[in-house]
Every structure is written in structure tokens, then in C-alpha cells.
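Following: one structure in C-alpha cells, then a few remarks.
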Amino acid sequence: MNPYNFATHYKCINCSKEHPLSNDIYVCPECNGNLDILYNYRMISKKLSKKILEKRKEPSLFRYHELYPVSGDIEKFNKLRIGFTPLYEPGRLKKILGYNNFYIKDDTSNPSASFKDRASIMAIMNASQNGHEMMVAASTGNAASSLACLSASLGMKNIIVVPRSAPRAKISQLVMFGANLVMVKGTYDDAFDLSVAITKKYGLYNRNTGFNPFTREGKKSVSFEIAEQMNWQVPDYVFVPVGDGNIISGVWKGFRDLFEIGLIKTLPGVVAVQSDKSSAVADAFLEERNIEPVKATTIADSISVNRPKDGEAALRSVIDSKGFAIKVSDEEILDYQKKLAQHRGIFAEPSGAASLAGLARALKKKMIDAGKKSVILVTGSGLKDIDAVMKGMKEPVIIRPDITDFDKIKEKIITF
Ligand SMILES: Cc1ncc(COP(=O)(O)O)c(C=O)c1O
Ligand SMILES: [Zn+2]
């Protein structure tokens with residue numbers, strides 16, 4: 001069996017040159033551009049249909065195994081439940097936004113509590129199938145904690161490089177999962193460059209977002225799930241928080257895969273949501289120019305990126321899908337983070353709630369009309385970054401455990 005399943009070759013996103021699949025290259029040898037993985041869709045469409053999926057019981061991203069560039073013994077890797085996360089109705093958020101027609105894809109319920117598990121599993125499978133025993137990853141925190149978590153479940157070794165500003169909860173995940181952790185005095189971009197240097201020097205396998213082409217292939221699984229959960233009625237828009245741009249290009253790839261094999265008949269517009277303090281992709285889209293690095297300072301740490309590592313693919317996804325990019329302020333992100341928690345019971349980290357802030361702003365600016373159907377991706381749990389919440393929090397009232405004390409302060413905390 002082909003170790004790459006029905007995948008056929010790489011194609012450079014920048015110069016379009018094709019290259020054979022291998023683990024010897026991560027980026028285009030000609031121009032350093034990021035690589036896309038292409039498939040034999042004709043073969044896949046013979047193996048995968050709506051009828052086949054109706055009969056499948058597998059409650060994880062492995063439901064769609066024909067569409068991934070890895071083959072072999074899936075059960076060996078299926079040790080924690082990744083993907084097939086809930087798609088929720090918005091409940092009371094409908095009233096808050098004045099919009100009824102949207103759904104929330106809640107990826108906080110993945111094993112390491114973020115979307116990144118979808119990518120890590122694909123990279124681990126590829127590494128493992130090619131005989132690697134140690135992986136390297138740089139990350140703002142989530143990709144690292146995800147790799148550490150899944151590595152722990154599968155006995156893969158790792159070296160993790162993160163900026164020392166990474167939120168403590170994410171660091172605590174790394175420590176608990178037994179990662180070999182390196183913290184750098186520098187930014188995520190610095191951590192990225194160091195991780196690539198370690199990979200090269202010691203001949204290891206690198207999982208970095210926007211570098212390793214396999215990460216996008218895991219991330220696209222969310223689109224398979226959304227389409228199936230919506231009974232193959234494709235939404236008009238999917239709102240995605242964007243940092244490096246790998247998730248959004250994965251979302252677009254997933255829908256295109258389904259279109260190619262005939263499971264869906266239309267395609268959504270993908271919407272890039274960025275903080276106005278980290279807006280390299282959105283600025284390029286809005287100003288119709290190439291991506292230029294920025295000095296990112298957003299509170300939403302997972303989407304705080306100076307130089308988007310998969311920016312080109314992200315920009316093309318937005319343009320090709322006829323979607324759009326939208327910038328929101330950090331205040332809006334924190335406001336909608338709270339609204340998502342208080343009106344829907346979903347506690348997202350700031351980056352994870354940016355999609356809701358983006359949807360709210362798009363509605364206010366009349367960029368989408370009420371008849372259109374949207375999905376927002378909630379990409380990471382709020383428990384991963386409690387400092388972001390604590391900063392804006394009023395100090396709770398502390399009293400003696402006594403009913404008279406309670407009576408004295410009750411007006412401060414409740415309206416009966
Ligand atoms: C919670 C969360 N949301 C969104 C993103 C953005 O994804 P990407 O960097 O692929 O654009 C990340 C990436 O780290 C993330 O962890
Ligand atoms: Zn190239």
C-alpha cells in the first residue's frame with residue numbers, strides 16, 4: 001500500500017512546481033514556498049460516499065481516512081478522540097448578534113483542548129510511518145501542547161520550542177505531558193527559526209505550522225465534519241481566527257476535497273478574522289497587496305504572529321473562496337469571548353473567540369446578510385489562558401460564611 005494513501009505529489013503554493021512526496025523536504029526546493037498535497041480524487045470517490053459515511057460509527061476525524069495522506073494501521077494511532085467535535089446551534093447568542101443563521105464548531109473539546117490536535121495527529125502518523133522517533137515543534141503554545149499530548153498517548157519523543165511569553169496553562173500542559181521543553185528569550189517567530197535549525201542539525205522530524213505540509217491535511221478534517229453535520233448543506237461563510245493562516249487554508253482545502261469527490265455541490269467563502277494588532281493577512285487582503293510582516297501585540301496569543309508562516313495559502317483561500325478578511329479590536333475579542341461564555345456556555349481562549357467577534361463585526365458592517373448561513377470556528381479553550389480573563393475581571397467579593405454577611409453584599413452580585 002502507498003504510505004501516502006491516495007495522495008500523489010506535492011505542489012508548491014508559490015511557484016506551482018510539483019515534487020514527489022517525501023519526508024526529505026518540507027518546503028519547495030526551488031523557491032522555499034509552502035507545499036500543498038495533491039490527491040487522486042477519482043480513486044477516493046470510489047471508496048468514499050455519503051452512504052458509506054452513514055454506516056460508519058467512527059466518532060473522530062478518522063471517519064474520513066481516505067482523504068488523508070497517511071495510510072496503514074489507523075487503530076495504532078487512534079488512542080485519543082480527535083475531531084468530530086460538536087456543531088452547536090447558537091442559542092441566546094442569536095439575540096445578541098441579531099442573526100439566527102449560524103452554528104458554532106466547538107474545538108475546545110479536543111484532547112489537548114485546541115484545534116491543533118487535528119494537525120498533530122497527521123504529522124505524528126507521517127513521522128512514525130517514516131521511521132522517525134523524535135519530533136520538533138515551535139509554537140505559540142497550542143501546537144506544542146497538542147504535540148506533547150498526542151506524543152504522550154503514542155510514545156513519540158519530542159523537543160518543543162516556545163517563546164517564554166507563552167501562557168502558563170499551556171506550559172503546564174507541556175510539563176504534564178512530559179515534553180522536552182525549550183523556552184526562548186524571543187518571539188514565536190524566533191522559536192520557529194530555532195526549531196528549524198534543531199531539526200536540520202539533528203535530522204529530526206518537524207511539525208511546525210506553515211512549514212510541514214501535513215498539518216493542513218489534518219486541519220481540513222473540520223470541513224468534512226461541518227459538511228456532514230449540516231447534512232451536506234454547505235454554509236455560505238466559515239469564520240476562522242487567523243495567525244499563521246494554516247487553519248483557514250485547511251478549512252478551504254477540506255471543502256474543496258469534498259467538492260472534488262462529489263459530496264458537496266457548493267463551496268463556502270472562508271473569512272479570515274484577525275486582531276487589528278496582528279493583521280498581516282487581513283491587511284494584505286484589504287489593501288490588495290502581498291503580505292508584509294507586522295509587529296504583533298494582540299492579547300490573543302495564538303493569533304499573535306509577525307510573519308504568517310502559511311500566509312500565502314491563507315490569502316489565496318480567502319480570495320479563491322470569495323470570502324473576505326476582517327479585523328477586530330482586542331476589546332471586541334474579549335467582549336465576545338465573554339458573550340460566548342455567558343450566553344452559550346463555551347469558554348474559549350481569546351483567539352478561539354475571535355471568530356465570533358469577526359462575525360459580529362461583519363453583521364454590524366452589513367458585510368453578510370441575514371439569509372446567509374455561517375459557521376464560526378472556536379479553536380481553543382479558555383482554560384488555556386486564564387490571565388487574559390483575570391486581567392479584565394472585577395475582584396470577587398469575599399465574605400465570612402454567614403447569611404448576614406451575604407445579605408449585606410447581595411445587591412452587589414445579584415439582581416433577583
Ligand atoms: C486557538 C487557536 N486559534 C487560532 C489559531 C490560528 O491558526 P493559524 O496559525 O493556522 O492561522 C491558533 C494557532 O495557533 C490557535 O491555537
Ligand atoms: Zn516553489
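By convention in this document, the chains of the C-alpha cells carry letters A, B, ... by their order, each chain's residues are numbered from 1, and ligands are numbered from 1 in the order they are shown.
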
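Selection of all polymer residues within 7 Å of ligand 2 on the basis of only C-alpha atoms and all ligand atoms gives Cys12, Ile13, Asn14, Cys15, Ser16, Lys17, Cys28, Pro29, Glu30, Cys31, Asn32 and Gly33 of chain A.
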
Taking only C-alpha atoms and all ligand atoms into account, produce a table as JSON lines in which each residue of chain A with an atom at most 8 Å from an atom of ligand 1 appears once, together with its shortest atom pair and the distance in Å to one decimal, ordered by chain and rising number.
```
{"residue": "A:Ser114", "atom": "CA", "partner": "ligand 1", "partner_atom_place_in_ligand_line": "1 (C)", "distance": 5.8}
{"residue": "A:Phe115", "atom": "CA", "partner": "ligand 1", "partner_atom_place_in_ligand_line": "1 (C)", "distance": 6.5}
{"residue": "A:Lys116", "atom": "CA", "partner": "ligand 1", "partner_atom_place_in_ligand_line": "16 (O)", "distance": 6.4}
{"residue": "A:Ser139", "atom": "CA", "partner": "ligand 1", "partner_atom_place_in_ligand_line": "14 (O)", "distance": 7.0}
{"residue": "A:Thr140", "atom": "CA", "partner": "ligand 1", "partner_atom_place_in_ligand_line": "14 (O)", "distance": 6.0}
{"residue": "A:Gly141", "atom": "CA", "partner": "ligand 1", "partner_atom_place_in_ligand_line": "14 (O)", "distance": 7.0}
{"residue": "A:Asn142", "atom": "CA", "partner": "ligand 1", "partner_atom_place_in_ligand_line": "16 (O)", "distance": 4.8}
{"residue": "A:Ala143", "atom": "CA", "partner": "ligand 1", "partner_atom_place_in_ligand_line": "14 (O)", "distance": 6.2}
{"residue": "A:Thr209", "atom": "CA", "partner": "ligand 1", "partner_atom_place_in_ligand_line": "10 (O)", "distance": 6.6}
{"residue": "A:Gly210", "atom": "CA", "partner": "ligand 1", "partner_atom_place_in_ligand_line": "10 (O)", "distance": 7.3}
{"residue": "A:Val240", "atom": "CA", "partner": "ligand 1", "partner_atom_place_in_ligand_line": "4 (C)", "distance": 7.4}
{"residue": "A:Pro241", "atom": "CA", "partner": "ligand 1", "partner_atom_place_in_ligand_line": "4 (C)", "distance": 4.9}
{"residue": "A:Val242", "atom": "CA", "partner": "ligand 1", "partner_atom_place_in_ligand_line": "11 (O)", "distance": 3.6}
{"residue": "A:Gly243", "atom": "CA", "partner": "ligand 1", "partner_atom_place_in_ligand_line": "11 (O)", "distance": 3.6}
{"residue": "A:Asp244", "atom": "CA", "partner": "ligand 1", "partner_atom_place_in_ligand_line": "9 (O)", "distance": 3.5}
{"residue": "A:Gly245", "atom": "CA", "partner": "ligand 1", "partner_atom_place_in_ligand_line": "11 (O)", "distance": 3.4}
{"residue": "A:Asn246", "atom": "CA", "partner": "ligand 1", "partner_atom_place_in_ligand_line": "10 (O)", "distance": 3.4}
{"residue": "A:Ile247", "atom": "CA", "partner": "ligand 1", "partner_atom_place_in_ligand_line": "10 (O)", "distance": 3.9}
{"residue": "A:Ile248", "atom": "CA", "partner": "ligand 1", "partner_atom_place_in_ligand_line": "11 (O)", "distance": 6.3}
{"residue": "A:Ser249", "atom": "CA", "partner": "ligand 1", "partner_atom_place_in_ligand_line": "10 (O)", "distance": 7.9}
{"residue": "A:Ser302", "atom": "CA", "partner": "ligand 1", "partner_atom_place_in_ligand_line": "14 (O)", "distance": 4.3}
{"residue": "A:Ile303", "atom": "CA", "partner": "ligand 1", "partner_atom_place_in_ligand_line": "6 (C)", "distance": 5.1}
{"residue": "A:Val305", "atom": "CA", "partner": "ligand 1", "partner_atom_place_in_ligand_line": "9 (O)", "distance": 7.8}
{"residue": "A:Pro308", "atom": "CA", "partner": "ligand 1", "partner_atom_place_in_ligand_line": "9 (O)", "distance": 7.4}
{"residue": "A:Lys309", "atom": "CA", "partner": "ligand 1", "partner_atom_place_in_ligand_line": "9 (O)", "distance": 7.9}
{"residue": "A:Asp310", "atom": "CA", "partner": "ligand 1", "partner_atom_place_in_ligand_line": "10 (O)", "distance": 7.4}
{"residue": "A:Ala314", "atom": "CA", "partner": "ligand 1", "partner_atom_place_in_ligand_line": "11 (O)", "distance": 7.9}
{"residue": "A:Glu349", "atom": "CA", "partner": "ligand 1", "partner_atom_place_in_ligand_line": "1 (C)", "distance": 6.6}
{"residue": "A:Pro350", "atom": "CA", "partner": "ligand 1", "partner_atom_place_in_ligand_line": "1 (C)", "distance": 7.8}
{"residue": "A:Ser351", "atom": "CA", "partner": "ligand 1", "partner_atom_place_in_ligand_line": "3 (N)", "distance": 4.9}
{"residue": "A:Gly352", "atom": "CA", "partner": "ligand 1", "partner_atom_place_in_ligand_line": "1 (C)", "distance": 4.8}
{"residue": "A:Val378", "atom": "CA", "partner": "ligand 1", "partner_atom_place_in_ligand_line": "3 (N)", "distance": 7.3}
{"residue": "A:Thr379", "atom": "CA", "partner": "ligand 1", "partner_atom_place_in_ligand_line": "1 (C)", "distance": 4.3}
{"residue": "A:Gly380", "atom": "CA", "partner": "ligand 1", "partner_atom_place_in_ligand_line": "1 (C)", "distance": 3.9}
{"residue": "A:Ser381", "atom": "CA", "partner": "ligand 1", "partner_atom_place_in_ligand_line": "1 (C)", "distance": 7.3}
```

Restricting the output to C-alpha atoms, write the selected residues as a PDB file, in the first residue's frame.
```
ATOM      1  CA  SER A 114      -7.497  23.036  20.881  1.00  0.00           C
ATOM      2  CA  PHE A 115      -7.988  22.634  17.146  1.00  0.00           C
ATOM      3  CA  LYS A 116      -4.288  21.787  16.791  1.00  0.00           C
ATOM      4  CA  SER A 139       4.551  27.073  18.726  1.00  0.00           C
ATOM      5  CA  THR A 140       2.744  29.946  20.394  1.00  0.00           C
ATOM      6  CA  GLY A 141       1.598  27.211  22.774  1.00  0.00           C
ATOM      7  CA  ASN A 142      -1.285  25.190  21.361  1.00  0.00           C
ATOM      8  CA  ALA A 143       0.519  23.259  18.639  1.00  0.00           C
ATOM      9  CA  THR A 209       2.626  25.024  11.325  1.00  0.00           C
ATOM     10  CA  GLY A 210       3.007  26.580   7.902  1.00  0.00           C
ATOM     11  CA  VAL A 240     -11.752  31.412  11.117  1.00  0.00           C
ATOM     12  CA  PRO A 241      -9.305  33.044  13.552  1.00  0.00           C
ATOM     13  CA  VAL A 242      -6.063  33.561  11.635  1.00  0.00           C
ATOM     14  CA  GLY A 243      -2.476  33.707  12.853  1.00  0.00           C
ATOM     15  CA  ASP A 244      -0.137  31.781  10.564  1.00  0.00           C
ATOM     16  CA  GLY A 245      -3.027  31.041   8.212  1.00  0.00           C
ATOM     17  CA  ASN A 246      -2.738  27.262   8.280  1.00  0.00           C
ATOM     18  CA  ILE A 247      -6.180  26.579   9.775  1.00  0.00           C
ATOM     19  CA  ILE A 248      -8.002  28.732   7.232  1.00  0.00           C
ATOM     20  CA  SER A 249      -6.164  27.168   4.295  1.00  0.00           C
ATOM     21  CA  SER A 302      -2.392  32.114  19.485  1.00  0.00           C
ATOM     22  CA  ILE A 303      -3.013  34.513  16.625  1.00  0.00           C
ATOM     23  CA  VAL A 305       2.135  36.396  14.572  1.00  0.00           C
ATOM     24  CA  PRO A 308       2.387  34.395   8.888  1.00  0.00           C
ATOM     25  CA  LYS A 309       4.040  31.092   8.015  1.00  0.00           C
ATOM     26  CA  ASP A 310       1.189  29.994   5.762  1.00  0.00           C
ATOM     27  CA  ALA A 314      -4.385  31.789   3.651  1.00  0.00           C
ATOM     28  CA  GLU A 349      -9.404  31.466  24.739  1.00  0.00           C
ATOM     29  CA  PRO A 350      -9.305  34.954  23.160  1.00  0.00           C
ATOM     30  CA  SER A 351      -8.062  33.605  19.816  1.00  0.00           C
ATOM     31  CA  GLY A 352     -10.786  30.990  19.851  1.00  0.00           C
ATOM     32  CA  VAL A 378     -13.981  28.099  18.198  1.00  0.00           C
ATOM     33  CA  THR A 379     -10.431  26.882  18.190  1.00  0.00           C
ATOM     34  CA  GLY A 380      -9.141  26.712  21.747  1.00  0.00           C
ATOM     35  CA  SER A 381     -10.305  26.502  25.368  1.00  0.00           C
TER      36      SER A 381
END
```

Q.
List the spatial neighbours of stretch 215-229 of chain A as a VMD selection string - criterion: any atom at most 10 Å away, only C-alpha atoms, same-chain residues fewer than 6 positions off excluded.
A. chain A and resid 35 to 37 50 53 to 54 60 to 65 67 to 70 83 to 88 103 to 105 107 115 to 124 207 to 209 235 238 245 to 258 263 to 264 310 375 377

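Using only C-alpha atoms, the residues found no farther than 12 Å from A:Pro396, other than those of its own chain fewer than 6 positions away, are Met390, Ile409, Lys412 and Ile413 of chain A.
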
Q) What is the atom CA of A:Ser109-atom CA of A:Leu147 distance in Å, reported with one decimal? A) 15.8 Å

(Q) Just want the 7 Å neighbourhood of stretch 355-363 of chain A, counted on only C-alpha atoms, with same-chain residues fewer than 4 positions away dropped. Output as a ChimeraX atom specification. (A) /A:97,239-241,273,326,328,332-333,336,367-368,376-378

Kindly save the residues from that selection, with C-alpha atoms included, as a PDB file, in the first residue's frame.
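Below is the file that was written, out16.pdb:
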```
ATOM      1  CA  LEU A  97     -25.967  39.226  17.358  1.00  0.00           C
ATOM      2  CA  PHE A 239     -15.280  32.411  10.118  1.00  0.00           C
ATOM      3  CA  VAL A 240     -11.752  31.412  11.117  1.00  0.00           C
ATOM      4  CA  PRO A 241      -9.305  33.044  13.552  1.00  0.00           C
ATOM      5  CA  VAL A 273     -10.576  37.078  11.287  1.00  0.00           C
ATOM      6  CA  ILE A 326     -11.962  41.305   8.774  1.00  0.00           C
ATOM      7  CA  VAL A 328     -11.402  43.208  15.162  1.00  0.00           C
ATOM      8  CA  GLU A 332     -14.083  43.192  20.793  1.00  0.00           C
ATOM      9  CA  ILE A 333     -12.330  39.838  21.125  1.00  0.00           C
ATOM     10  CA  TYR A 336     -17.279  38.335  22.523  1.00  0.00           C
ATOM     11  CA  MET A 367     -20.948  42.528   5.044  1.00  0.00           C
ATOM     12  CA  ILE A 368     -23.230  39.495   5.219  1.00  0.00           C
ATOM     13  CA  ILE A 376     -17.713  30.068  13.372  1.00  0.00           C
ATOM     14  CA  LEU A 377     -14.731  28.001  14.490  1.00  0.00           C
ATOM     15  CA  VAL A 378     -13.981  28.099  18.198  1.00  0.00           C
TER      16      VAL A 378
END
```

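Closest to A:Ile198 among A:Met230, A:Ala313, A:Val184, A:Val161 is A:Val161, based on only C-alpha atoms.
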
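For stretch 21-97 of chain A, backbone-based DSSP labels the following residues as strand (DSSP E): Leu35, Asp36, Ile37, Leu38, Tyr39, Leu87 and Tyr88 of chain A.
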
Preceding selection exported with N, CA and C atoms as an mmCIF file, in the first residue's frame:
```cif
data_model
loop_
_atom_site.group_PDB
_atom_site.id
_atom_site.type_symbol
_atom_site.label_atom_id
_atom_site.label_comp_id
_atom_site.auth_asym_id
_atom_site.auth_seq_id
_atom_site.Cartn_x
_atom_site.Cartn_y
_atom_site.Cartn_z
ATOM 1 N N LEU A 35 4.258 23.889 0.589
ATOM 2 C CA LEU A 35 3.779 22.857 -0.335
ATOM 3 C C LEU A 35 2.340 22.460 -0.012
ATOM 4 N N ASP A 36 1.600 22.142 -1.074
ATOM 5 C CA ASP A 36 0.248 21.606 -0.930
ATOM 6 C C ASP A 36 0.303 20.140 -1.355
ATOM 7 N N ILE A 37 -0.521 19.307 -0.740
ATOM 8 C CA ILE A 37 -0.528 17.882 -1.107
ATOM 9 C C ILE A 37 -1.701 17.613 -2.037
ATOM 10 N N LEU A 38 -1.426 16.993 -3.170
ATOM 11 C CA LEU A 38 -2.487 16.715 -4.143
ATOM 12 C C LEU A 38 -2.880 15.236 -4.078
ATOM 13 N N TYR A 39 -4.083 14.930 -4.548
ATOM 14 C CA TYR A 39 -4.650 13.579 -4.415
ATOM 15 C C TYR A 39 -5.191 13.054 -5.730
ATOM 16 N N LEU A 87 -21.099 20.531 16.695
ATOM 17 C CA LEU A 87 -21.527 21.720 15.947
ATOM 18 C C LEU A 87 -22.812 22.191 16.626
ATOM 19 N N TYR A 88 -22.715 23.303 17.328
ATOM 20 C CA TYR A 88 -23.840 23.754 18.151
ATOM 21 C C TYR A 88 -24.674 24.835 17.483
#
```

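Nearest residue to A:Pro213, choosing from A:Leu154, A:Ala7, A:Val27, A:Leu48 and counting only C-alpha atoms: A:Val27.
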
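If you measure from each of A:Leu267, A:Ile399, A:Ala272, A:Ile386 to A:Ala169 using only C-alpha atoms, the closest one turns out to be A:Ile386.
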
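Across the structure, atom CA of A:Val270 and atom CA of A:Gly323 are spaced 4.7 Å apart.
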
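Minimum atom-to-atom distance to A:Ile346, evaluated using only C-alpha atoms, belongs to A:Asp106 out of A:Glu287, A:Asp369, A:Asp385, A:Asp106.
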
What are the closest atom pairs, with distances in Å to one decimal, for each residue of stretch 189-265 of chain A lying within 9 Å of stretch 20-26 of chain A, using only C-alpha atoms, rows by chain and rising residue number, as CSV?
```
residue,atom,partner,partner_atom,distance
A:Tyr205,CA,A:Asn23,CA,8.3
A:Asn206,CA,A:Tyr26,CA,8.5
A:Phe211,CA,A:Tyr26,CA,6.1
A:Asn212,CA,A:Tyr26,CA,5.4
A:Pro213,CA,A:Tyr26,CA,6.6
```

Atoms kept (N, CA and C atoms) for selection, written as a PDB file, in the first residue's frame:
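The resulting file, again-v4.pdb, is shown below:
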```pdb
ATOM      1  N   TYR A 205      12.294  15.198  12.866  1.00  0.00           N
ATOM      2  CA  TYR A 205      11.080  15.479  12.083  1.00  0.00           C
ATOM      3  C   TYR A 205      10.420  16.733  12.644  1.00  0.00           C
ATOM      4  N   ASN A 206      10.053  17.674  11.774  1.00  0.00           N
ATOM      5  CA  ASN A 206       9.497  18.949  12.232  1.00  0.00           C
ATOM      6  C   ASN A 206       7.993  19.053  11.977  1.00  0.00           C
ATOM      7  N   PHE A 211       4.809  25.015   7.646  1.00  0.00           N
ATOM      8  CA  PHE A 211       6.115  24.533   7.196  1.00  0.00           C
ATOM      9  C   PHE A 211       5.929  23.079   6.780  1.00  0.00           C
ATOM     10  N   ASN A 212       5.425  22.292   7.707  1.00  0.00           N
ATOM     11  CA  ASN A 212       5.142  20.884   7.412  1.00  0.00           C
ATOM     12  C   ASN A 212       3.810  20.786   6.648  1.00  0.00           C
ATOM     13  N   PRO A 213       3.826  20.269   5.408  1.00  0.00           N
ATOM     14  CA  PRO A 213       2.590  20.257   4.606  1.00  0.00           C
ATOM     15  C   PRO A 213       1.492  19.354   5.181  1.00  0.00           C
TER      16      PRO A 213
END
```

**Q.** Which of stretch 201-325 of chain A fall in alpha helix (DSSP H), as a ChimeraX atom specification
**A.** /A:201-202,214-219,221-229,246-260,280-286,311-320

Export of the given selection (N, CA and C atoms) as a short mmCIF file (atom, residue, chain, number, x, y, z; two decimals), in the first residue's frame:
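Final output, saved to out.cif:
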```
data_model
loop_
_atom_site.label_atom_id
_atom_site.label_comp_id
_atom_site.auth_asym_id
_atom_site.auth_seq_id
_atom_site.Cartn_x
_atom_site.Cartn_y
_atom_site.Cartn_z
N LYS A 201 19.92 20.23 12.04
CA LYS A 201 21.20 19.81 12.62
C LYS A 201 21.14 18.37 13.10
N TYR A 202 20.00 17.99 13.70
CA TYR A 202 19.94 16.66 14.31
C TYR A 202 19.11 15.65 13.51
N PHE A 214 1.86 18.47 6.10
CA PHE A 214 0.85 17.53 6.63
C PHE A 214 -0.10 18.19 7.63
N THR A 215 0.31 19.32 8.21
CA THR A 215 -0.58 19.93 9.22
C THR A 215 -1.90 20.38 8.58
N ARG A 216 -1.80 20.97 7.39
CA ARG A 216 -3.02 21.44 6.71
C ARG A 216 -3.97 20.28 6.44
N GLU A 217 -3.38 19.12 6.15
CA GLU A 217 -4.20 17.94 5.82
C GLU A 217 -5.01 17.44 7.02
N GLY A 218 -4.47 17.66 8.22
CA GLY A 218 -5.26 17.31 9.41
C GLY A 218 -6.32 18.36 9.68
N LYS A 219 -5.94 19.61 9.48
CA LYS A 219 -6.85 20.70 9.80
C LYS A 219 -8.08 20.70 8.89
N SER A 221 -9.90 18.41 8.20
CA SER A 221 -10.93 17.49 8.69
C SER A 221 -12.14 18.23 9.24
N VAL A 222 -11.92 19.46 9.74
CA VAL A 222 -13.05 20.20 10.32
C VAL A 222 -14.13 20.45 9.26
N SER A 223 -13.71 20.63 8.03
CA SER A 223 -14.69 20.92 6.97
C SER A 223 -15.50 19.67 6.62
N PHE A 224 -14.86 18.51 6.68
CA PHE A 224 -15.61 17.26 6.43
C PHE A 224 -16.71 17.13 7.48
N GLU A 225 -16.33 17.43 8.71
CA GLU A 225 -17.29 17.29 9.81
C GLU A 225 -18.43 18.30 9.68
N ILE A 226 -18.06 19.55 9.40
CA ILE A 226 -19.11 20.58 9.27
C ILE A 226 -20.10 20.17 8.18
N ALA A 227 -19.57 19.75 7.03
CA ALA A 227 -20.45 19.37 5.91
C ALA A 227 -21.36 18.21 6.32
N GLU A 228 -20.80 17.20 6.94
CA GLU A 228 -21.63 16.05 7.31
C GLU A 228 -22.63 16.43 8.40
N GLN A 229 -22.17 17.20 9.39
CA GLN A 229 -23.07 17.60 10.48
C GLN A 229 -24.20 18.51 9.98
N ASN A 246 -2.70 28.68 8.63
CA ASN A 246 -2.74 27.26 8.28
C ASN A 246 -4.15 26.69 8.48
N ILE A 247 -4.83 27.11 9.55
CA ILE A 247 -6.18 26.58 9.78
C ILE A 247 -7.08 26.99 8.62
N ILE A 248 -7.05 28.27 8.26
CA ILE A 248 -8.00 28.73 7.23
C ILE A 248 -7.72 28.07 5.88
N SER A 249 -6.44 27.84 5.58
CA SER A 249 -6.16 27.17 4.29
C SER A 249 -6.58 25.70 4.38
N GLY A 250 -6.54 25.13 5.59
CA GLY A 250 -7.05 23.76 5.77
C GLY A 250 -8.56 23.69 5.62
N VAL A 251 -9.24 24.68 6.15
CA VAL A 251 -10.71 24.72 6.03
C VAL A 251 -11.11 24.75 4.56
N TRP A 252 -10.45 25.60 3.81
CA TRP A 252 -10.76 25.74 2.39
C TRP A 252 -10.42 24.44 1.64
N LYS A 253 -9.28 23.85 1.99
CA LYS A 253 -8.88 22.59 1.34
C LYS A 253 -9.91 21.50 1.59
N GLY A 254 -10.40 21.43 2.81
CA GLY A 254 -11.37 20.38 3.16
C GLY A 254 -12.62 20.47 2.31
N PHE A 255 -13.14 21.67 2.16
CA PHE A 255 -14.35 21.81 1.34
C PHE A 255 -14.05 21.49 -0.13
N ARG A 256 -12.87 21.90 -0.57
CA ARG A 256 -12.53 21.59 -1.98
C ARG A 256 -12.39 20.09 -2.19
N ASP A 257 -11.82 19.40 -1.22
CA ASP A 257 -11.73 17.93 -1.31
C ASP A 257 -13.12 17.33 -1.49
N LEU A 258 -14.06 17.77 -0.66
CA LEU A 258 -15.42 17.21 -0.73
C LEU A 258 -16.07 17.53 -2.07
N PHE A 259 -15.80 18.71 -2.57
CA PHE A 259 -16.34 19.13 -3.86
C PHE A 259 -15.76 18.24 -4.97
N GLU A 260 -14.47 17.99 -4.90
CA GLU A 260 -13.79 17.18 -5.93
C GLU A 260 -14.34 15.76 -5.99
N ALA A 280 -1.45 40.82 9.56
CA ALA A 280 -0.67 40.75 8.32
C ALA A 280 -1.50 40.22 7.14
N VAL A 281 -2.29 39.18 7.39
CA VAL A 281 -3.06 38.58 6.28
C VAL A 281 -4.22 39.50 5.90
N ALA A 282 -4.93 39.99 6.91
CA ALA A 282 -6.09 40.85 6.63
C ALA A 282 -5.65 42.12 5.90
N ASP A 283 -4.53 42.71 6.32
CA ASP A 283 -4.06 43.94 5.67
C ASP A 283 -3.74 43.68 4.19
N ALA A 284 -3.08 42.55 3.94
CA ALA A 284 -2.74 42.23 2.55
C ALA A 284 -4.02 42.07 1.72
N PHE A 285 -5.03 41.41 2.29
CA PHE A 285 -6.28 41.23 1.55
C PHE A 285 -6.96 42.58 1.32
N LEU A 286 -7.06 43.35 2.39
CA LEU A 286 -7.83 44.60 2.30
C LEU A 286 -7.13 45.63 1.40
N GLY A 311 0.88 32.31 5.19
CA GLY A 311 0.12 33.49 4.79
C GLY A 311 -0.34 33.45 3.34
N GLU A 312 0.55 32.97 2.47
CA GLU A 312 0.21 32.94 1.05
C GLU A 312 -1.00 32.02 0.81
N ALA A 313 -0.96 30.85 1.44
CA ALA A 313 -2.07 29.90 1.28
C ALA A 313 -3.35 30.48 1.88
N ALA A 314 -3.21 31.19 3.00
CA ALA A 314 -4.38 31.79 3.65
C ALA A 314 -5.01 32.84 2.74
N LEU A 315 -4.17 33.70 2.21
CA LEU A 315 -4.66 34.78 1.35
C LEU A 315 -5.35 34.20 0.11
N ARG A 316 -4.74 33.20 -0.47
CA ARG A 316 -5.37 32.58 -1.66
C ARG A 316 -6.69 31.93 -1.32
N SER A 317 -6.76 31.34 -0.12
CA SER A 317 -8.01 30.68 0.28
C SER A 317 -9.14 31.70 0.36
N VAL A 318 -8.82 32.84 0.95
CA VAL A 318 -9.85 33.88 1.09
C VAL A 318 -10.27 34.37 -0.29
N ILE A 319 -9.30 34.62 -1.15
CA ILE A 319 -9.61 35.16 -2.48
C ILE A 319 -10.35 34.11 -3.33
N ASP A 320 -9.79 32.90 -3.39
CA ASP A 320 -10.38 31.86 -4.24
C ASP A 320 -11.79 31.49 -3.80
#
```

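With only C-alpha atoms as the basis for measurement, A:Tyr237 is the residue among A:Pro293, A:Tyr237, A:Ile398, A:Pro163 that approaches A:Asn101 most closely.
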
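From atom CA of A:Asn306 back to atom CA of A:Val294, the distance works out to 4.8 Å.
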